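A quick write-up on the structure given underneath.
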Amino acid sequence: MHKITVISSGPGSADFMTLLAHRKASASEVLIGTALQLGAVDTSNCKIMYEESKIDKILKLIGMHEGQEVGVLVTGDAGIFSLTQKIIVLYGRDAIKEIIPGVSSIQVGFAKIKEAWTNVKAFSFHGREISGLDEIIAAEKAVILCDKVNNAAELLRRLDAVGLFKDNRRVYVCQNLTLEDEDITEINCIEDVKGLKEWTKQIVLLLKPAI
Ligand SMILES: C[S@@+](CC[C@H](N)C(=O)[O-])C[C@H]1O[C@@H](n2cnc3c(N)ncnc32)[C@H](O)[C@@H]1O
């Protein structure tokens, strides 16, 4: 029987992990996470730690420790576009002992621009083909999670081709949220994407003007 605790670790800085998340991570027999996530918690009582970021490898490591208290640190909140869903598909819902909720990059992004995230439509092209651009354009408020290939500049170029900047929409690219090099850039026209980093952790926020 698996005893997996999925621990939301926030978007990066240890300050954005809840106290409960810190406690659960420290109490895990086996703890899996990225270097940044492992570095944020007290691991002195953990028996085994794995520094890993590749999804397939994390899933394999979980499989090697059936019966043990396995803590899996996941980015942001475990409930949205997360490794959590892949763990459930592979090992079943009963394999999960507990999910510890946390702060999503989406919450932090909207807090940074001082806007509510009520009714936000969330899209992720992290490891997925870009599609449904019309749905993004139609949304009053949208957030897009990016990846190395489908990065903010690429997404904004594709959205520009279907009229993104035609209706005075506010567009922001949030990079490395909660980290030292955090950057929030407002994009007013497609030329502005030239100032963006090639690749880093990025989300794009799109807000139509209030009617
Ligand atoms: C697999 S998804 C995980 C999303 C996560 N469940 C959440 O709640 O934020 C990874 C994507 O989230 C976004 N992301 C995660 N951390 C971020 C950060 N510190 N700054 C900006 N975007 C971030 C990026 O788009 C990244 O490619």
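In the structure tokens, the first chain shown is A, the next is B, and so on; residue numbers restart at 1 for each chain, and ligands run from 1 in the order shown.
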
Which residues form the shell of 7 Å around ligand 1 when you count only C-alpha atoms and all ligand atoms, given as a JSON list (two decimals) with N, CA and C atoms, in the first residue's frame?
```
[["chain", "number", "residue", "atom", "x", "y", "z"],
["A", 10, "GLY", "N", 4.61, 25.89, -3.05],
["A", 10, "GLY", "CA", 4.60, 27.29, -3.49],
["A", 10, "GLY", "C", 5.45, 27.45, -4.73],
["A", 11, "PRO", "N", 5.47, 28.68, -5.28],
["A", 11, "PRO", "CA", 6.16, 28.90, -6.56],
["A", 11, "PRO", "C", 7.69, 28.94, -6.48],
["A", 12, "GLY", "N", 8.26, 29.02, -5.29],
["A", 12, "GLY", "CA", 9.73, 29.06, -5.25],
["A", 12, "GLY", "C", 10.29, 29.33, -3.87],
["A", 75, "THR", "N", 5.35, 21.87, -7.17],
["A", 75, "THR", "CA", 5.39, 23.33, -7.37],
["A", 75, "THR", "C", 4.00, 23.94, -7.17],
["A", 76, "GLY", "N", 3.99, 25.11, -6.59],
["A", 76, "GLY", "CA", 2.74, 25.87, -6.45],
["A", 76, "GLY", "C", 1.74, 25.13, -5.60],
["A", 77, "ASP", "N", 0.50, 25.05, -6.08],
["A", 77, "ASP", "CA", -0.54, 24.29, -5.39],
["A", 77, "ASP", "C", -0.75, 22.96, -6.10],
["A", 78, "ALA", "N", -0.96, 21.92, -5.29],
["A", 78, "ALA", "CA", -1.10, 20.55, -5.82],
["A", 78, "ALA", "C", -2.37, 20.35, -6.64],
["A", 79, "GLY", "N", -3.29, 21.31, -6.56],
["A", 79, "GLY", "CA", -4.60, 21.10, -7.18],
["A", 79, "GLY", "C", -4.75, 21.69, -8.56],
["A", 80, "ILE", "N", -3.71, 22.29, -9.11],
["A", 80, "ILE", "CA", -3.88, 22.88, -10.45],
["A", 80, "ILE", "C", -2.64, 22.62, -11.30],
["A", 81, "PHE", "N", -2.88, 22.01, -12.46],
["A", 81, "PHE", "CA", -1.81, 21.67, -13.41],
["A", 81, "PHE", "C", -0.59, 21.12, -12.67],
["A", 82, "SER", "N", -0.82, 20.03, -11.95],
["A", 82, "SER", "CA", 0.21, 19.52, -11.04],
["A", 82, "SER", "C", 0.55, 18.06, -11.32],
["A", 83, "LEU", "N", 1.71, 17.68, -10.84],
["A", 83, "LEU", "CA", 2.16, 16.28, -10.85],
["A", 83, "LEU", "C", 1.17, 15.39, -10.08],
["A", 103, "VAL", "N", 0.21, 27.65, -2.05],
["A", 103, "VAL", "CA", 0.06, 28.88, -2.82],
["A", 103, "VAL", "C", 0.48, 28.61, -4.27],
["A", 104, "SER", "N", -0.43, 28.92, -5.19],
["A", 104, "SER", "CA", -0.15, 28.71, -6.61],
["A", 104, "SER", "C", 0.57, 29.92, -7.21],
["A", 105, "SER", "N", 1.33, 29.68, -8.28],
["A", 105, "SER", "CA", 1.95, 30.79, -9.01],
["A", 105, "SER", "C", 0.85, 31.74, -9.53],
["A", 106, "ILE", "N", -0.33, 31.19, -9.78],
["A", 106, "ILE", "CA", -1.44, 32.01, -10.31],
["A", 106, "ILE", "C", -1.88, 33.03, -9.25],
["A", 126, "HIS", "N", 2.29, 23.96, -20.62],
["A", 126, "HIS", "CA", 3.49, 23.34, -20.05],
["A", 126, "HIS", "C", 3.47, 21.87, -20.50],
["A", 145, "LEU", "N", 0.02, 29.16, -18.23],
["A", 145, "LEU", "CA", 1.28, 28.61, -17.72],
["A", 145, "LEU", "C", 2.12, 28.20, -18.92],
["A", 146, "CYS", "N", 3.39, 28.57, -18.88],
["A", 146, "CYS", "CA", 4.26, 28.39, -20.05],
["A", 146, "CYS", "C", 5.25, 27.25, -19.83],
["A", 147, "ASP", "N", 6.03, 26.95, -20.84],
["A", 147, "ASP", "CA", 7.21, 26.11, -20.64],
["A", 147, "ASP", "C", 8.32, 26.59, -21.57],
["A", 174, "CYS", "N", 4.78, 37.34, -15.81],
["A", 174, "CYS", "CA", 5.36, 37.22, -14.46],
["A", 174, "CYS", "C", 6.43, 36.14, -14.50],
["A", 175, "GLN", "N", 7.65, 36.53, -14.16],
["A", 175, "GLN", "CA", 8.77, 35.60, -14.26],
["A", 175, "GLN", "C", 9.37, 35.36, -12.88],
["A", 176, "ASN", "N", 9.69, 34.10, -12.61],
["A", 176, "ASN", "CA", 10.37, 33.71, -11.37],
["A", 176, "ASN", "C", 9.72, 34.31, -10.12],
["A", 177, "LEU", "N", 8.43, 34.17, -10.03],
["A", 177, "LEU", "CA", 7.68, 34.73, -8.90],
["A", 177, "LEU", "C", 8.22, 34.21, -7.57],
["A", 178, "THR", "N", 8.30, 35.08, -6.62],
["A", 178, "THR", "CA", 8.76, 34.86, -5.23],
["A", 178, "THR", "C", 10.28, 34.66, -5.11],
["A", 179, "LEU", "N", 10.96, 34.60, -6.24],
["A", 179, "LEU", "CA", 12.42, 34.38, -6.20],
["A", 179, "LEU", "C", 13.15, 35.74, -6.29],
["A", 201, "LYS", "N", 10.82, 30.44, -15.39],
["A", 201, "LYS", "CA", 9.43, 30.14, -15.00],
["A", 201, "LYS", "C", 8.56, 31.35, -15.34],
["A", 202, "GLN", "N", 7.56, 31.14, -16.14],
["A", 202, "GLN", "CA", 6.74, 32.27, -16.60],
["A", 202, "GLN", "C", 5.26, 31.95, -16.58],
["A", 203, "ILE", "N", 4.46, 32.92, -16.17],
["A", 203, "ILE", "CA", 3.02, 32.85, -16.45],
["A", 203, "ILE", "C", 2.63, 34.16, -17.13]]
```

### Query
Leaving out stretch 20-31 of chain A and any residue of its chain fewer than 5 positions from it, which residues lie within 10 Å of it when counting only C-alpha atoms, given as number ranges by chain?
A: 4-10, 14, 37-38, 40-51, 61-62, 65, 68-73, 98-102

#### Entry: Which of stretch 26-134 of chain A fall in alpha helix (DSSP H), as a VMD selection string
chain A and resid 26 35 to 39 55 to 63 83 to 91 105 to 112 133 to 134

### Task
Rank nothing, just name the residue among A:Ala138, A:Leu133, A:Ala35, A:Val149 nearest to A:Ala161, using only C-alpha atoms.
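Residue with the minimum atom-to-atom distance to A:Ala161: A:Leu133.
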
#### Entry: Minimum-distance residue to A:Tyr91, chosen among A:Val74, A:Leu36, A:Met1, A:Leu164 (using only C-alpha atoms)
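Ranked by minimum distance to A:Tyr91, first place goes to A:Met1.
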
### Message
Could you check the closest approach to A:Ala142 for each of A:Gly33, A:Gly39, A:Gly109, A:Gly67 and tell me which residue wins, using only C-alpha atoms?
### Response
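Of A:Gly33, A:Gly39, A:Gly109, A:Gly67, the one nearest A:Ala142, counting only C-alpha atoms, is A:Gly109.
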
Taking only stretch 92-132 of chain A into account, list the residues labelled strand (DSSP E or B) by DSSP (computed from the backbone), as a PDB file with C-alpha atoms, in the first residue's frame.
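See part_38.pdb below for the written result:
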```
ATOM      1  CA  ILE A  96      -2.445   9.293  -1.686  1.00  0.00           C
ATOM      2  CA  LYS A  97      -2.559   9.617   2.076  1.00  0.00           C
ATOM      3  CA  GLU A  98      -2.941  13.383   2.040  1.00  0.00           C
ATOM      4  CA  ILE A  99      -2.652  16.434  -0.186  1.00  0.00           C
ATOM      5  CA  ILE A 100      -1.310  19.546   1.508  1.00  0.00           C
ATOM      6  CA  LYS A 121      -9.735  30.965 -16.929  1.00  0.00           C
ATOM      7  CA  ALA A 122      -6.543  28.983 -16.521  1.00  0.00           C
ATOM      8  CA  PHE A 123      -4.657  27.442 -19.454  1.00  0.00           C
ATOM      9  CA  SER A 124      -1.433  25.472 -19.433  1.00  0.00           C
TER      10      SER A 124
END
```

### Best match for closeness to A:Glu198 among A:Leu90, A:Leu59, A:Ala152, A:Leu159, counting only C-alpha atoms
A:Ala152

### Query
Quick one: distance from atom CA of A:Ala153 to atom CA of A:Phe125 in Å, one decimal?
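So the two atoms, atom CA of A:Ala153 and atom CA of A:Phe125, lie 12.8 Å apart.
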
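Shortest separation to A:Lys141 among A:Pro209, A:Gly127, A:Gly195, A:Gly92 occurs at residue A:Pro209, atoms counted being only C-alpha atoms.
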
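Between A:Asp192 and the residues A:Ala116, A:Ile32, A:Leu156, A:Ile136, the shortest atom-to-atom distance, using only C-alpha atoms, involves A:Leu156.
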
### Query
Could you work out how far atom CA of A:Trp117 lies from atom CA of A:Arg170, giving the answer in Å with one decimal?
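The value is 14.1 Å.
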
### Task
Mind giving me the straight-line distance from atom CA of A:Glu180 to atom CA of A:Ala111 in Å, one decimal?
16.9 Å
